[in-house]
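This report concerns only the one structure given below.
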Amino acid sequence: MKASILIPVLNEENFIENCLLSIISKTRDISEMEIIIIDGGSEDNTLAIIQNLMRQYPYIKLLHNPKKITPSALNIGIKHAKGKYIVRLDAHAEYSDNYIENSILALESADQSVMNVGGPINTSSNNSSIFAKAISLCLSSIFGVGNSKFRTTVPNKPIMVETVPFGCFRREIFDEIGLFNEREPRNEDLEFNRRIINSGYKILLDPKIRSTYFSRADFKSLILQQFDNGKIVTNKFRGRGSFHNIRHFIPLIFVVYLISLIPLSLKTSGIFASKLLDISLY
């Protein structure tokens with residue numbers, strides 16, 4: 001089998017059908033591949049949608065992920081995968097024409113030191129509200145995501161990078177450096193890609209590999225997601241061997257800076273009020 005496409009899901013009823021159809025309709029040799037969906041216990045209509053599509057497309061398979069977290073879902077999928085290449089996709093996204101073929105071609109055209117390839121993503125929203133559009137714009141800008149190249153730039157030619165989203169991997173890399181780290185939920189891609197580089201291999205960003213990621217559309221879900229991300233990024237000391245960049249800690253530094261201004265502003269306002277009182281007495 002040419003490739004195994006892994007998609008972790010949990011309550012993705014608003015996205016999973018369009019995600020799967022974008023893969024199926026835009027991949028020429030999809031019947032020579034398998035799509036493995038790993039569900040973490042969805043409580044909405046996600047499973048019903050998947051099961052309906054499974055009746056139409058026999059190469060879709062469904063597995064259960066009792067731990068619920070993404071790295072364990074990916075590891076379950078890898079252990080069941082039969083493909084020469086492992087493609088890790090996200091249900092919150094749709095994929096361009098020939099996404100899978102272009103990913104495989106990029107790997108086959110590269111030298112053997114390239115173990116993972118991916119491409120730029122366009123961040124959008126499936127909601128037409130001004131706030132939803134503002135979120136997607138923020139997550140596409142340097143201000144919002146720092147120097148994350150796959151979010152902010154579309155290079156003219158393939159370039160080597162530190163990480164890519166929705167990667168296509170040579171299967172042998174998992175035998176050599178191990179599976180995704182289940183102690184790093186949400187960080188699993190960063191941590192795994194750091195291990196690839198530390199092992200002397202490379203990661204390629206190819207402009208032909210394009211996808212659209214759908215960001216959170218309301219303030220509550222955005223805040224919950226970002227606080228959860230922040231808690232996971234900073235849940236332990238990230239010392240010299242950290243797989244994070246400074247951009248991952250900027251939000252924490254900024255919030256601490258804002259909090260530090262509170263006592264200063266109170267002190268300044270107290271001094272100002274005292275001076276006004278002195279003036280009024282005279």
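Residues in the structure tokens are numbered from 1 in each chain, the chains being A, B, ... in the order shown, and ligands are numbered from 1 in the order shown.
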
Query - Distance query His64 of chain A at most 9 Å, only C-alpha atoms, self and fewer than 2 positions along chain excluded, as a list of chain:residue names - result: A:Ile37, A:Ile38, A:Asp39, A:Gly40, A:Gly41, A:Leu62, A:Pro66, A:Lys68, A:Ala73, A:Ile76

Query raised in the report: Hey, what's within 12 Å of Ile173 of chain A if we count only C-alpha atoms and toss same-chain stuff fewer than 2 positions away? As JSON, numbers by chain, please?
Result: {"A": [78, 84, 85, 86, 112, 113, 114, 115, 116, 168, 169, 170, 171, 175, 176, 177, 178, 179, 180, 192, 193, 195, 196, 197, 199, 200, 201, 202, 203]}

Query raised in the report: Taking into account only C-alpha atoms, which residue in the set A:Glu108, A:Glu94, A:Glu101, A:Glu13 is nearest to Ile30 of chain A?
Result: A:Glu101

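The gap separating atom CA of Phe174 of chain A from atom CA of Ile23 of chain A is 23.8 Å, in Å to one decimal.
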
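For Pro207 of chain A, the list of residues within 10 Å, based on only C-alpha atoms and with local chain neighbours fewer than 4 positions off taken out, reads A:Asn102, A:Gly118, A:Gly119, A:Pro120, A:Ile121, A:Phe150, A:Thr153, A:Val154, A:Pro155, A:Asn156, A:Lys157, A:Pro158, A:Ile159.
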
Can you spit out the residues from that selection as a PDB file, in the first residue's frame, using N, CA, C and O atoms?
ATOM      1  N   ASN A 102       1.574  15.159  -4.087  1.00  0.00           N
ATOM      2  CA  ASN A 102       2.673  16.129  -4.025  1.00  0.00           C
ATOM      3  C   ASN A 102       3.577  15.882  -2.826  1.00  0.00           C
ATOM      4  O   ASN A 102       4.799  16.084  -2.898  1.00  0.00           O
ATOM      5  N   GLY A 118       6.026  18.868   4.290  1.00  0.00           N
ATOM      6  CA  GLY A 118       4.723  19.504   4.445  1.00  0.00           C
ATOM      7  C   GLY A 118       4.719  20.792   3.664  1.00  0.00           C
ATOM      8  O   GLY A 118       5.676  21.090   2.931  1.00  0.00           O
ATOM      9  N   GLY A 119       3.664  21.567   3.827  1.00  0.00           N
ATOM     10  CA  GLY A 119       3.574  22.799   3.056  1.00  0.00           C
ATOM     11  C   GLY A 119       2.937  23.927   3.832  1.00  0.00           C
ATOM     12  O   GLY A 119       2.510  23.762   4.983  1.00  0.00           O
ATOM     13  N   PRO A 120       2.841  25.110   3.216  1.00  0.00           N
ATOM     14  CA  PRO A 120       2.216  26.263   3.859  1.00  0.00           C
ATOM     15  C   PRO A 120       0.722  26.024   4.084  1.00  0.00           C
ATOM     16  O   PRO A 120       0.077  25.307   3.317  1.00  0.00           O
ATOM     17  N   ILE A 121       0.196  26.617   5.125  1.00  0.00           N
ATOM     18  CA  ILE A 121      -1.248  26.532   5.358  1.00  0.00           C
ATOM     19  C   ILE A 121      -1.865  27.922   5.293  1.00  0.00           C
ATOM     20  O   ILE A 121      -1.258  28.917   5.681  1.00  0.00           O
ATOM     21  N   PHE A 150       5.496  28.185   8.019  1.00  0.00           N
ATOM     22  CA  PHE A 150       4.429  27.544   7.253  1.00  0.00           C
ATOM     23  C   PHE A 150       3.108  28.297   7.368  1.00  0.00           C
ATOM     24  O   PHE A 150       2.198  28.082   6.571  1.00  0.00           O
ATOM     25  N   THR A 153       4.384  32.492   5.348  1.00  0.00           N
ATOM     26  CA  THR A 153       5.056  32.665   4.060  1.00  0.00           C
ATOM     27  C   THR A 153       4.752  31.516   3.105  1.00  0.00           C
ATOM     28  O   THR A 153       4.472  30.394   3.543  1.00  0.00           O
ATOM     29  N   VAL A 154       4.817  31.807   1.826  1.00  0.00           N
ATOM     30  CA  VAL A 154       4.756  30.782   0.780  1.00  0.00           C
ATOM     31  C   VAL A 154       6.049  30.919  -0.029  1.00  0.00           C
ATOM     32  O   VAL A 154       6.178  31.815  -0.863  1.00  0.00           O
ATOM     33  N   PRO A 155       7.033  30.063   0.214  1.00  0.00           N
ATOM     34  CA  PRO A 155       8.322  30.209  -0.467  1.00  0.00           C
ATOM     35  C   PRO A 155       8.203  29.927  -1.962  1.00  0.00           C
ATOM     36  O   PRO A 155       7.274  29.242  -2.410  1.00  0.00           O
ATOM     37  N   ASN A 156       9.137  30.446  -2.739  1.00  0.00           N
ATOM     38  CA  ASN A 156       9.145  30.226  -4.184  1.00  0.00           C
ATOM     39  C   ASN A 156       9.608  28.822  -4.553  1.00  0.00           C
ATOM     40  O   ASN A 156       9.320  28.332  -5.646  1.00  0.00           O
ATOM     41  N   LYS A 157      10.340  28.196  -3.645  1.00  0.00           N
ATOM     42  CA  LYS A 157      10.852  26.855  -3.895  1.00  0.00           C
ATOM     43  C   LYS A 157      10.925  26.108  -2.559  1.00  0.00           C
ATOM     44  O   LYS A 157      10.813  26.717  -1.487  1.00  0.00           O
ATOM     45  N   PRO A 158      11.088  24.799  -2.577  1.00  0.00           N
ATOM     46  CA  PRO A 158      11.193  24.044  -1.324  1.00  0.00           C
ATOM     47  C   PRO A 158      12.351  24.530  -0.456  1.00  0.00           C
ATOM     48  O   PRO A 158      13.432  24.838  -0.968  1.00  0.00           O
ATOM     49  N   ILE A 159      12.109  24.618   0.848  1.00  0.00           N
ATOM     50  CA  ILE A 159      13.150  25.047   1.784  1.00  0.00           C
ATOM     51  C   ILE A 159      13.167  24.114   2.992  1.00  0.00           C
ATOM     52  O   ILE A 159      12.154  23.486   3.321  1.00  0.00           O
TER      53      ILE A 159
END

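Among the candidates A:Thr27, A:Ile36, A:Ala81, A:Leu89, the residue lying nearest to Tyr59 of chain A is A:Ile36 (atoms considered: only C-alpha atoms).
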
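Taking only segment 60-100 of chain A, the residues that DSSP calls alpha helix (DSSP H) from the backbone come to Thr70, Pro71, Ser72, Ala73, Leu74, Asn75, Ile76, Gly77, Ile78, Lys79, His80, Tyr99 and Ile100 of chain A.
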
Store the residues of this selection in a file with all heavy atoms, as an mmCIF file, in the first residue's frame.
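Now in part-v4.cif:
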data_model
loop_
_atom_site.group_PDB
_atom_site.id
_atom_site.type_symbol
_atom_site.label_atom_id
_atom_site.label_comp_id
_atom_site.auth_asym_id
_atom_site.auth_seq_id
_atom_site.Cartn_x
_atom_site.Cartn_y
_atom_site.Cartn_z
ATOM 1 N N THR A 70 -3.970 13.455 21.102
ATOM 2 C CA THR A 70 -3.527 13.298 19.720
ATOM 3 C C THR A 70 -2.330 12.365 19.546
ATOM 4 O O THR A 70 -2.347 11.507 18.658
ATOM 5 C CB THR A 70 -3.216 14.675 19.101
ATOM 6 O OG1 THR A 70 -4.400 15.472 19.139
ATOM 7 C CG2 THR A 70 -2.740 14.537 17.672
ATOM 8 N N PRO A 71 -1.258 12.485 20.349
ATOM 9 C CA PRO A 71 -0.115 11.593 20.103
ATOM 10 C C PRO A 71 -0.461 10.111 20.249
ATOM 11 O O PRO A 71 0.056 9.276 19.499
ATOM 12 C CB PRO A 71 0.931 12.030 21.136
ATOM 13 C CG PRO A 71 0.198 12.854 22.129
ATOM 14 C CD PRO A 71 -0.953 13.466 21.414
ATOM 15 N N SER A 72 -1.329 9.775 21.183
ATOM 16 C CA SER A 72 -1.717 8.363 21.323
ATOM 17 C C SER A 72 -2.547 7.919 20.128
ATOM 18 O O SER A 72 -2.430 6.782 19.661
ATOM 19 C CB SER A 72 -2.476 8.128 22.633
ATOM 20 O OG SER A 72 -3.681 8.858 22.663
ATOM 21 N N ALA A 73 -3.389 8.822 19.582
ATOM 22 C CA ALA A 73 -4.159 8.498 18.376
ATOM 23 C C ALA A 73 -3.220 8.203 17.212
ATOM 24 O O ALA A 73 -3.398 7.226 16.467
ATOM 25 C CB ALA A 73 -5.094 9.651 18.027
ATOM 26 N N LEU A 74 -2.208 9.058 17.038
ATOM 27 C CA LEU A 74 -1.257 8.863 15.944
ATOM 28 C C LEU A 74 -0.486 7.563 16.106
ATOM 29 O O LEU A 74 -0.258 6.833 15.125
ATOM 30 C CB LEU A 74 -0.290 10.046 15.886
ATOM 31 C CG LEU A 74 -0.928 11.392 15.501
ATOM 32 C CD1 LEU A 74 0.083 12.523 15.666
ATOM 33 C CD2 LEU A 74 -1.465 11.359 14.081
ATOM 34 N N ASN A 75 -0.112 7.240 17.333
ATOM 35 C CA ASN A 75 0.638 6.003 17.571
ATOM 36 C C ASN A 75 -0.214 4.769 17.285
ATOM 37 O O ASN A 75 0.286 3.777 16.741
ATOM 38 C CB ASN A 75 1.165 5.979 19.000
ATOM 39 C CG ASN A 75 2.270 7.000 19.225
ATOM 40 O OD1 ASN A 75 2.868 7.492 18.274
ATOM 41 N ND2 ASN A 75 2.531 7.335 20.473
ATOM 42 N N ILE A 76 -1.484 4.826 17.647
ATOM 43 C CA ILE A 76 -2.407 3.727 17.321
ATOM 44 C C ILE A 76 -2.490 3.565 15.808
ATOM 45 O O ILE A 76 -2.430 2.459 15.268
ATOM 46 C CB ILE A 76 -3.801 3.994 17.923
ATOM 47 C CG1 ILE A 76 -3.751 3.867 19.445
ATOM 48 C CG2 ILE A 76 -4.841 3.028 17.350
ATOM 49 C CD1 ILE A 76 -4.994 4.375 20.148
ATOM 50 N N GLY A 77 -2.621 4.701 15.105
ATOM 51 C CA GLY A 77 -2.708 4.655 13.657
ATOM 52 C C GLY A 77 -1.458 4.097 13.010
ATOM 53 O O GLY A 77 -1.536 3.279 12.081
ATOM 54 N N ILE A 78 -0.297 4.509 13.490
ATOM 55 C CA ILE A 78 0.970 4.031 12.924
ATOM 56 C C ILE A 78 1.101 2.518 13.102
ATOM 57 O O ILE A 78 1.542 1.805 12.183
ATOM 58 C CB ILE A 78 2.164 4.760 13.577
ATOM 59 C CG1 ILE A 78 2.174 6.237 13.157
ATOM 60 C CG2 ILE A 78 3.491 4.097 13.188
ATOM 61 C CD1 ILE A 78 3.089 7.111 13.987
ATOM 62 N N LYS A 79 0.707 2.025 14.262
ATOM 63 C CA LYS A 79 0.821 0.583 14.529
ATOM 64 C C LYS A 79 -0.088 -0.247 13.628
ATOM 65 O O LYS A 79 0.205 -1.413 13.345
ATOM 66 C CB LYS A 79 0.504 0.310 15.997
ATOM 67 C CG LYS A 79 1.567 0.829 16.949
ATOM 68 C CD LYS A 79 1.135 0.704 18.401
ATOM 69 C CE LYS A 79 2.180 1.310 19.339
ATOM 70 N NZ LYS A 79 1.741 1.267 20.762
ATOM 71 N N HIS A 80 -1.194 0.348 13.170
ATOM 72 C CA HIS A 80 -2.118 -0.366 12.284
ATOM 73 C C HIS A 80 -1.870 -0.074 10.803
ATOM 74 O O HIS A 80 -2.432 -0.739 9.938
ATOM 75 C CB HIS A 80 -3.571 0.003 12.617
ATOM 76 C CG HIS A 80 -4.089 -0.636 13.867
ATOM 77 N ND1 HIS A 80 -3.821 -0.141 15.130
ATOM 78 C CD2 HIS A 80 -4.858 -1.739 14.045
ATOM 79 C CE1 HIS A 80 -4.414 -0.902 16.032
ATOM 80 N NE2 HIS A 80 -5.041 -1.876 15.413
ATOM 81 N N TYR A 99 -2.704 16.912 -2.861
ATOM 82 C CA TYR A 99 -1.935 17.132 -1.623
ATOM 83 C C TYR A 99 -1.100 15.894 -1.289
ATOM 84 O O TYR A 99 0.096 16.003 -0.979
ATOM 85 C CB TYR A 99 -2.886 17.451 -0.463
ATOM 86 C CG TYR A 99 -2.177 17.813 0.823
ATOM 87 C CD1 TYR A 99 -1.957 19.137 1.160
ATOM 88 C CD2 TYR A 99 -1.727 16.826 1.706
ATOM 89 C CE1 TYR A 99 -1.295 19.483 2.327
ATOM 90 C CE2 TYR A 99 -1.063 17.162 2.878
ATOM 91 C CZ TYR A 99 -0.855 18.481 3.192
ATOM 92 O OH TYR A 99 -0.200 18.814 4.346
ATOM 93 N N ILE A 100 -1.739 14.728 -1.307
ATOM 94 C CA ILE A 100 -1.033 13.498 -0.931
ATOM 95 C C ILE A 100 0.033 13.163 -1.965
ATOM 96 O O ILE A 100 1.178 12.849 -1.621
ATOM 97 C CB ILE A 100 -2.023 12.320 -0.785
ATOM 98 C CG1 ILE A 100 -3.165 12.688 0.175
ATOM 99 C CG2 ILE A 100 -1.291 11.070 -0.312
ATOM 100 C CD1 ILE A 100 -2.735 13.015 1.570
#

Query raised in the report: For the atom pair atom CA of Ser124 of chain A and atom CA of Glu191 of chain A, what is the interatomic distance in Å to one decimal place?
Result: 25.7 Å
